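Taking it in order: structure first as structure tokens, then the write-up.
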Amino acid sequence: MKSFTEYLWFHTSKRREFILITNEVADIVQQSGVKEGIALVSAMHITASIYVNDAEDGLLNDIAQWLEKLAPFGLPYKHHQTGEDNGDAHLKRLLMGHQVIIPITNGKLDLGPWEQIYYAEFDGQRRKRVIVKVLGE
Amino acid sequence: MKSFTEYLWFHTSKRREFILITNEVADIVQQSGVKEGIALVSAMHITASIYVNDAEDGLLNDIAQWLEKLAPFGLPYKHHQTGEDNGDAHLKRLLMGHQVIIPITNGKLDLGPWEQIYYAEFDGQRRKRVIVKVLGE
Amino acid sequence: MKSFTEYLWFHTSKRREFILITNEVADIVQQSGVKEGIALVSAMHITASIYVNDAEDGLLNDIAQWLEKLAPFGLPYKHHQTGEDNGDAHLKRLLMGHQVIIPITNGKLDLGPWEQIYYAEFDGQRRKRVIVKVLGE
């Protein structure tokens, strides 16, 4: 079994951002030399998500609005008694999930026709990390 | 390490459907010959989910109603400016998740007593695909 | 490829509880001898979750309140016609997810600075099981 680990770093200029990372993950899989296996892509900071969906600007907008409705910024979260103001960002990560597994077939990401991998930042403007771990043969 | 990849195809007659696929996944695992490992089951279309929960009709109804409340059909989603009308289906997939990993122990799916694998379609009436990738030994 | 499987048992005194299990998972990974790979941690009962987030009491409180708002206890769920009263607990598990994959690098859980693994019980006071399956080399 082969394994290969790489880390992606993000430092967004805005508090909330959606960043397309399909190509970065594909590059890491190619470097790994793995032909059949999986790539785990996992956000290592607890106010960011990794998810797979469409690369369409209208939809990104819809997702952002929807998250704001279901996990609003600015409520008096108990977590804020620690001095933080990002309670909503923790909940948004929980709702969207923090990791995906991408299947690798014939040396390539085995994604559906519109599947794209996104990093979703909910409390940015600082350096954060994503692990990409490739396993297979 | 062994790997084995199969695709399941779905073409639902209704827009929204829950389809039990535990047996199909178990069959693929058996064909793979893997005794210890994992099976990744992942919806390749971005308006469908894979999840694990109870095979109980009342609950399926509850899940459908709950999703309709949290991610309603028919709102003026920005995504609809592309000509689509399935903004809700993208959000439903995000809420329910699009993939699960089933552990394989002694050649069998290692599921809890009531765990069943479901394909959830939120924008059907067309052909869609699910990848099942088995890895192990 | 090495594989190693262990089960954790939980029997909470309260209906809803959050239990930190990072150390238990780390111990199992150490026992497995796997240096590079993954650990699947998956709740085998359909009214419990596994998730990764902060070990901060205020946040745990926020998560509990938020789940109660999005998937309330005590509604007339159709699932209750079977005699159960835990429809909300099924929905809470779906919202929070039932499994995580922890990357293993250099023999250790490769978690971010504040990432902690939690078992979330939504319908406790009975014995329930979590599988931890380690794969790698």
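All residue names refer to the structure tokens as shown: chains lettered A, B, ... in order, residues numbered from 1 in each chain, ligands numbered from 1 in order.
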Subject >> Surrounding residues of range 42-56 of chain C excluding itself and chain neighbours under 6 positions, 9 Å, only C-alpha atoms, as an MDAnalysis selection string >> reply: (chainID A and resid 45:47 79 82 90 93:94 97:98) or (chainID B and resid 52:54 101:103 110:115) or (chainID C and resid 20 86:101 114:124 128:133)
**OP:** From the DSSP assignment of the backbone, select every residue of chain B that is strand (DSSP E), and format the answer as number ranges by chain.
**Re:** B: 2-10, 17-20, 37-43, 48-53, 99-105, 108-109, 116-121, 128-136
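Note that CA of Thr12 in chain A and CA of Val41 in chain A are 18.5 Å apart.
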